[in-house]
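Participant: The structure's right below; bear with me while I get my questions together.
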Protein chains: 2
Amino acid sequence: VSTAAICIIGNEVLSGKTRDENGPWLVAELRALGVEVRRIETVPDEMHLIVDSVLRCKAAAKWVFTSGGVGPTLDDVTLPAVSQAFSRRCLRHPRLEAIVRAHYGERTNEAHLRMAEAPEGATLIDAPGLFYPCVMIEEVYILPGVPQFLRDKFTAIRERFRVTPIHLRSVYVSLGEGTISAALDDTAARFPAVQIGSYPRFDTDEYRVRLTLESRDSAAVDAAVKHLCGLVGAGAVLRIE
Amino acid sequence: VSTAAICIIGNEVLSGKTRDENGPWLVAELRALGVEVRRIETVPDEMHLIVDSVLRCKAAAKWVFTSGGVGPTLDDVTLPAVSQAFSRRCLRHPRLEAIVRAHYGERTNEAHLRMAEAPEGATLIDAPGLFYPCVMIEEVYILPGVPQFLRDKFTAIRERFRVTPIHLRSVYVSLGEGTISAALDDTAARFPAVQIGSYPRFDTDEYRVRLTLESRDSAAVDAAVKHLCGLVGAGAVLRIE
């Protein structure tokens with residue numbers, strides 16, 4: 001199955017200095033491609049915590065995306081951590097080194113060259129529009145933390161993750177969750193291929209609960225919507241989107 | 001030490017139907033109280049994944065906050081999951097049952113009463129302004145997923161988490177990360193009590209890198225700022241906040 005997990009690396013997010021934009025952005029992109037996101041973890045810039053998180057993400061999903069920790073400073077430890085997770089050495093890569101040296105010229109120093117490291121055996125993915133290739137190992141894609149760079153990089157490689165899209169319909173009802181709970185359970189039991197969500201809202205008079213029905217099988221979604229609306233009663237269904 | 005971990009429970013966040021507001025809000029609140037957030041995990045509404053996440057959060061921090069999965073529908077499994085994490089039974093609590101019955105009156109059904117469950121031995125925390133007490137077990141605070149309710153609940157209990165505040169100063173410089181890397185390493189080595197962050201920006205001409213220096217010891221922060229600015233050179237320091 002086409003699943004993904006996201007590992008956000010950065011003390012700045014955990015300390016509230018920066019609000020993470022990369023997680024929500026990747027979720028929306030992956031969803032649009034038909035990929036199911038199984039977990040998101042936000043961890044500090046600490047080797048063992050990144051290793052632990054990457055391994056758990058890898059066990060939970062087909063594709064893993066890391067964000068952050070790939071700059072030139074000492075607290076950037078994502079590349080060594082991902083290397084360690086897969087028992088690889090973290091080595092300076094000749095192609096990456098050439099790019100870094102071409103970019104910084106005579107100013108190139110040891111700190112800049114930390115950005116030329118990669119896990120031994122990593123794949124460098126080139127794509128039109130990418131100045132710097134994307135580093136991937138064991139289906140773990142190492143993305144930068146700067147939102148603009150992360151977006152450029154993911155956008156350049158996004159088509160490799162496209163799968164059958166997920167169909168979503170929303171049913172807005174005027175009854176509370178407790179009242180329609182039996183109808184939801186019955187629909188969930190009858191349509192196992194359809195994932196059902198229930199989201200109450202209390203700060204509007206427009207509706208009480210938004211119900212979501214999702215599946216890769218669009219006919220199943222339509223049949224489940226019809227079944228559910230029958231159980232809830234037409235009078236309580238405000239609109240279907 | 002005063003640390004926290006946050007566990008966001010909800011398929012709606014992982015599927016991008018809802019953008020999580022609770023994680024960033026809790027991070028900001030906890031930070032203002034002087035609490036260090038060690039990790040945030042976003043997991044699906046699945047028992048074993050919630051159990052696993054709560055136990056890891058508990059091992060990583062003093063206080064754990066869960067968000068979501070406490071409504072009346074079948075996919076609301078946070079209370080049973082937290083119970084299982086601590087090998088407790090999940091039982092209907094007489095006080096919670098009374099509140100639910102008082103609220104729903106004759107309409108009260110089994111689904112509503114799922115919201116009256118709590119791990120055996122849990123503490124119910126009452127506070128002014130709270131209609132429904134906060135359920136806590138082993139320093140795991142079970143909060144609702146609806147942002148408005150989560151905020152009300154956390155705000156009512158927030159003073160119990162107040163510790164020595166963390167002092168933060170930001171230094172904005174006109175040099176790139178690679179160039180100042182040695183100055184950062186030196187400052188980090190000399191001031192172990194100060195946490196240093198480095199955040200480059202590429203979409204503005206205002207500055208190249210924002211450096212953050214943080215500690216519970218405000219004198220150490222001031223000394224570290226002075227030391228760092230000396231190494232970077234006054235000409236490259238644009239401003240200090």
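Each chain of the structure tokens is named A, B, ... in the order shown, its residues numbered from 1; ligands are numbered from 1 in display order.
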Using only C-alpha atoms, which chain B residues lie at most 6 Å away from chain A, written as a ChimeraX atom specification?

Facilitator: /B:14,16,27-28,37,39-43,72-73,111-112,178,181

Participant: Write the residues of the preceding selection, restricted to C-alpha atoms, as a PDB file, in the first residue's frame.

Facilitator:
```pdb
ATOM      1  CA  LEU B  14      -3.099  12.853   8.978  1.00  0.00           C
ATOM      2  CA  GLY B  16      -5.264  16.766   5.797  1.00  0.00           C
ATOM      3  CA  VAL B  27       3.706  24.387  22.452  1.00  0.00           C
ATOM      4  CA  ALA B  28       3.300  28.153  22.824  1.00  0.00           C
ATOM      5  CA  VAL B  37       8.423  20.250  24.810  1.00  0.00           C
ATOM      6  CA  ARG B  39       8.327  15.604  21.144  1.00  0.00           C
ATOM      7  CA  ILE B  40       5.031  15.810  19.296  1.00  0.00           C
ATOM      8  CA  GLU B  41       3.502  12.747  17.678  1.00  0.00           C
ATOM      9  CA  THR B  42       0.485  12.678  15.408  1.00  0.00           C
ATOM     10  CA  VAL B  43      -1.028   9.213  15.188  1.00  0.00           C
ATOM     11  CA  PRO B  72     -18.884   9.403  21.586  1.00  0.00           C
ATOM     12  CA  THR B  73     -18.158   7.614  18.292  1.00  0.00           C
ATOM     13  CA  ALA B 111     -22.710   6.568  22.829  1.00  0.00           C
ATOM     14  CA  HIS B 112     -22.931   9.586  25.124  1.00  0.00           C
ATOM     15  CA  GLY B 178      28.590  28.358   6.868  1.00  0.00           C
ATOM     16  CA  SER B 181      29.557  28.130  12.077  1.00  0.00           C
TER      17      SER B 181
END
```

Participant: Would you give me, as a VMD selection string, the residues in stretch 5-162 of chain A that DSSP reads as strand (DSSP E)?

Facilitator: chain A and resid 5 to 9 36 to 43 63 to 67 90 to 92 117 to 119 123 to 125 134 to 137 140 to 143

Participant: What is the distance between atom CA of A:Thr204 and atom CA of B:Pro144, in Å to one decimal?

Facilitator: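 Straight-line distance from atom CA of A:Thr204 to atom CA of B:Pro144 works out to 18.0 Å.
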
Participant: Just list the residues in stretch 61-226 of chain A DSSP gives helix (DSSP H, G or I) on the backbone, as a count of residues only.

Facilitator: 65

Participant: Env of stretch 224-240 of chain B: 7 Å cut, atoms = only C-alpha atoms, seq-sep filter 4 positions within chain, self excluded. Answer as JSON, numbers by chain.

Facilitator: {"B": [170, 171, 172, 173, 174, 175, 180, 183, 184, 187, 191, 220]}

Participant: Write a file of the just-selected residues containing all heavy atoms, as a tab-separated table (two decimals), in the first residue's frame.

Facilitator:
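Dumped to result-v3.tsv:
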```tsv
chain	number	residue	atom	x	y	z
B	170	SER	N	17.43	36.87	20.41
B	170	SER	CA	17.70	36.58	19.00
B	170	SER	C	18.72	37.58	18.48
B	170	SER	O	18.62	38.77	18.74
B	170	SER	CB	16.42	36.71	18.16
B	170	SER	OG	15.48	35.75	18.56
B	171	VAL	N	19.71	37.07	17.74
B	171	VAL	CA	20.72	37.91	17.10
B	171	VAL	C	20.59	37.72	15.59
B	171	VAL	O	20.68	36.60	15.10
B	171	VAL	CB	22.15	37.50	17.56
B	171	VAL	CG1	23.20	38.34	16.85
B	171	VAL	CG2	22.29	37.62	19.07
B	172	TYR	N	20.33	38.82	14.87
B	172	TYR	CA	20.17	38.75	13.43
B	172	TYR	C	21.48	39.16	12.76
B	172	TYR	O	22.00	40.24	13.06
B	172	TYR	CB	19.03	39.66	12.97
B	172	TYR	CG	17.69	39.21	13.49
B	172	TYR	CD1	17.27	39.53	14.78
B	172	TYR	CD2	16.85	38.44	12.69
B	172	TYR	CE1	16.05	39.11	15.27
B	172	TYR	CE2	15.61	38.00	13.18
B	172	TYR	CZ	15.21	38.34	14.47
B	172	TYR	OH	14.01	37.90	14.94
B	173	VAL	N	22.02	38.31	11.90
B	173	VAL	CA	23.32	38.59	11.30
B	173	VAL	C	23.23	38.62	9.77
B	173	VAL	O	22.32	38.06	9.17
B	173	VAL	CB	24.40	37.58	11.75
B	173	VAL	CG1	24.58	37.63	13.26
B	173	VAL	CG2	24.03	36.18	11.31
B	174	SER	N	24.23	39.28	9.18
B	174	SER	CA	24.26	39.46	7.73
B	174	SER	C	25.15	38.43	7.03
B	174	SER	O	25.31	38.47	5.83
B	174	SER	CB	24.75	40.87	7.39
B	174	SER	OG	26.04	41.06	7.94
B	175	LEU	N	25.73	37.49	7.80
B	175	LEU	CA	26.59	36.47	7.21
B	175	LEU	C	25.83	35.14	7.11
B	175	LEU	O	24.88	34.92	7.85
B	175	LEU	CB	27.85	36.28	8.08
B	175	LEU	CG	28.74	37.52	8.23
B	175	LEU	CD1	29.82	37.26	9.28
B	175	LEU	CD2	29.37	37.89	6.89
B	180	ILE	N	29.60	31.58	9.82
B	180	ILE	CA	29.60	31.82	11.27
B	180	ILE	C	29.61	30.55	12.09
B	180	ILE	O	29.56	30.58	13.32
B	180	ILE	CB	28.37	32.67	11.68
B	180	ILE	CG1	27.09	31.95	11.24
B	180	ILE	CG2	28.45	34.06	11.07
B	180	ILE	CD1	25.84	32.60	11.76
B	183	ALA	N	32.03	30.27	15.01
B	183	ALA	CA	31.66	31.15	16.12
B	183	ALA	C	30.54	30.52	16.96
B	183	ALA	O	30.54	30.60	18.20
B	183	ALA	CB	31.23	32.52	15.59
B	184	LEU	N	29.61	29.88	16.29
B	184	LEU	CA	28.52	29.21	17.00
B	184	LEU	C	29.05	28.05	17.84
B	184	LEU	O	28.67	27.88	19.01
B	184	LEU	CB	27.49	28.68	16.02
B	184	LEU	CG	26.67	29.72	15.27
B	184	LEU	CD1	25.70	29.04	14.32
B	184	LEU	CD2	25.89	30.58	16.26
B	187	THR	N	30.85	29.33	20.90
B	187	THR	CA	29.92	29.85	21.91
B	187	THR	C	29.18	28.70	22.61
B	187	THR	O	29.01	28.70	23.83
B	187	THR	CB	28.91	30.82	21.25
B	187	THR	OG1	29.64	31.79	20.51
B	187	THR	CG2	28.06	31.51	22.30
B	191	PHE	N	29.37	28.04	26.66
B	191	PHE	CA	28.16	28.27	27.45
B	191	PHE	C	27.22	27.06	27.34
B	191	PHE	O	26.21	27.11	26.65
B	191	PHE	CB	27.45	29.54	26.98
B	191	PHE	CG	28.29	30.78	27.14
B	191	PHE	CD1	29.09	31.23	26.10
B	191	PHE	CD2	28.28	31.49	28.33
B	191	PHE	CE1	29.88	32.37	26.24
B	191	PHE	CE2	29.07	32.63	28.49
B	191	PHE	CZ	29.87	33.07	27.45
B	220	ALA	N	23.55	33.93	31.84
B	220	ALA	CA	24.30	33.11	30.88
B	220	ALA	C	23.92	33.49	29.45
B	220	ALA	O	24.78	33.56	28.56
B	220	ALA	CB	24.03	31.63	31.13
```

Participant: I'd like the contact shell of B:Leu143 - 9 Å cut-off, only C-alpha atoms, skipping same-chain residues fewer than 2 positions apart - returned as a PDB file with N, CA and C atoms, in the first residue's frame.

Facilitator:
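The new file result17.pdb reads:
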```pdb
ATOM      1  N   PHE B  65       0.404  15.344  27.129  1.00  0.00           N
ATOM      2  CA  PHE B  65      -0.917  15.858  26.793  1.00  0.00           C
ATOM      3  C   PHE B  65      -1.409  15.139  25.547  1.00  0.00           C
ATOM      4  N   THR B  66      -2.578  14.506  25.650  1.00  0.00           N
ATOM      5  CA  THR B  66      -3.168  13.926  24.450  1.00  0.00           C
ATOM      6  C   THR B  66      -4.268  14.856  23.978  1.00  0.00           C
ATOM      7  N   SER B  67      -4.453  14.888  22.673  1.00  0.00           N
ATOM      8  CA  SER B  67      -5.499  15.723  22.080  1.00  0.00           C
ATOM      9  C   SER B  67      -6.304  14.850  21.145  1.00  0.00           C
ATOM     10  N   GLY B  68      -7.629  14.780  21.384  1.00  0.00           N
ATOM     11  CA  GLY B  68      -8.496  14.066  20.443  1.00  0.00           C
ATOM     12  C   GLY B  68      -8.855  12.646  20.847  1.00  0.00           C
ATOM     13  N   GLY B  69      -9.864  12.116  20.150  1.00  0.00           N
ATOM     14  CA  GLY B  69     -10.256  10.730  20.366  1.00  0.00           C
ATOM     15  C   GLY B  69     -11.072  10.482  21.617  1.00  0.00           C
ATOM     16  N   VAL B  70     -11.765  11.527  22.115  1.00  0.00           N
ATOM     17  CA  VAL B  70     -12.535  11.345  23.349  1.00  0.00           C
ATOM     18  C   VAL B  70     -14.043  11.582  23.160  1.00  0.00           C
ATOM     19  N   CYS B 134     -11.003  17.633  34.016  1.00  0.00           N
ATOM     20  CA  CYS B 134      -9.940  17.098  33.172  1.00  0.00           C
ATOM     21  C   CYS B 134      -9.513  15.749  33.731  1.00  0.00           C
ATOM     22  N   VAL B 135      -9.440  14.742  32.868  1.00  0.00           N
ATOM     23  CA  VAL B 135      -9.054  13.405  33.301  1.00  0.00           C
ATOM     24  C   VAL B 135      -7.534  13.250  33.175  1.00  0.00           C
ATOM     25  N   TYR B 141      -2.428  13.921  30.669  1.00  0.00           N
ATOM     26  CA  TYR B 141      -3.623  14.746  30.695  1.00  0.00           C
ATOM     27  C   TYR B 141      -4.383  14.533  29.399  1.00  0.00           C
ATOM     28  N   GLY B 145     -10.156  17.046  21.314  1.00  0.00           N
ATOM     29  CA  GLY B 145      -9.578  17.464  20.038  1.00  0.00           C
ATOM     30  C   GLY B 145     -10.157  18.769  19.502  1.00  0.00           C
ATOM     31  N   VAL B 146     -11.371  19.095  19.911  1.00  0.00           N
ATOM     32  CA  VAL B 146     -11.989  20.344  19.454  1.00  0.00           C
ATOM     33  C   VAL B 146     -11.188  21.501  20.055  1.00  0.00           C
ATOM     34  N   PHE B 149     -12.470  23.556  23.061  1.00  0.00           N
ATOM     35  CA  PHE B 149     -12.571  22.816  24.317  1.00  0.00           C
ATOM     36  C   PHE B 149     -11.193  22.522  24.900  1.00  0.00           C
ATOM     37  N   LEU B 150     -10.255  22.199  24.019  1.00  0.00           N
ATOM     38  CA  LEU B 150      -8.887  21.948  24.490  1.00  0.00           C
ATOM     39  C   LEU B 150      -8.329  23.191  25.173  1.00  0.00           C
ATOM     40  N   ARG B 151      -8.567  24.344  24.565  1.00  0.00           N
ATOM     41  CA  ARG B 151      -8.034  25.586  25.148  1.00  0.00           C
ATOM     42  C   ARG B 151      -8.672  25.882  26.496  1.00  0.00           C
ATOM     43  N   LYS B 153      -9.904  23.775  28.577  1.00  0.00           N
ATOM     44  CA  LYS B 153      -9.466  22.808  29.570  1.00  0.00           C
ATOM     45  C   LYS B 153      -8.032  23.085  30.006  1.00  0.00           C
ATOM     46  N   PHE B 154      -7.151  23.305  29.034  1.00  0.00           N
ATOM     47  CA  PHE B 154      -5.753  23.555  29.400  1.00  0.00           C
ATOM     48  C   PHE B 154      -5.625  24.845  30.205  1.00  0.00           C
TER      49      PHE B 154
END
```

Participant: Name the residues in contact with stretch 50-55 of chain A at a cut-off of 6 Å, using only C-alpha atoms, excluding same-chain residues fewer than 3 positions from it; report them as number ranges by chain.

Facilitator: A: 47, 58, 81, 85

Participant: What's the 9 Å shell around A:Lys62, counting only C-alpha atoms, without same-chain residues fewer than 5 positions away, as a list in words?

Facilitator: Val1, Ser2, Thr3, Ala4, Ala5, Cys57, Glu139 and Val140 of chain A

Participant: Have a look at atom CA of B:Arg95 and atom CA of B:Glu117 and let me know their distance in Å, one decimal.

Facilitator: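 According to the coordinates, atom CA of B:Arg95 and atom CA of B:Glu117 are separated by 9.9 Å.
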
Participant: Excluding A:Pro128 and residues on its chain fewer than 5 positions from it, collect all residues at most 10 Å away from it, counting only C-alpha atoms, and give them as a PyMOL selection string.

Facilitator: chain A and resi 133+156-157
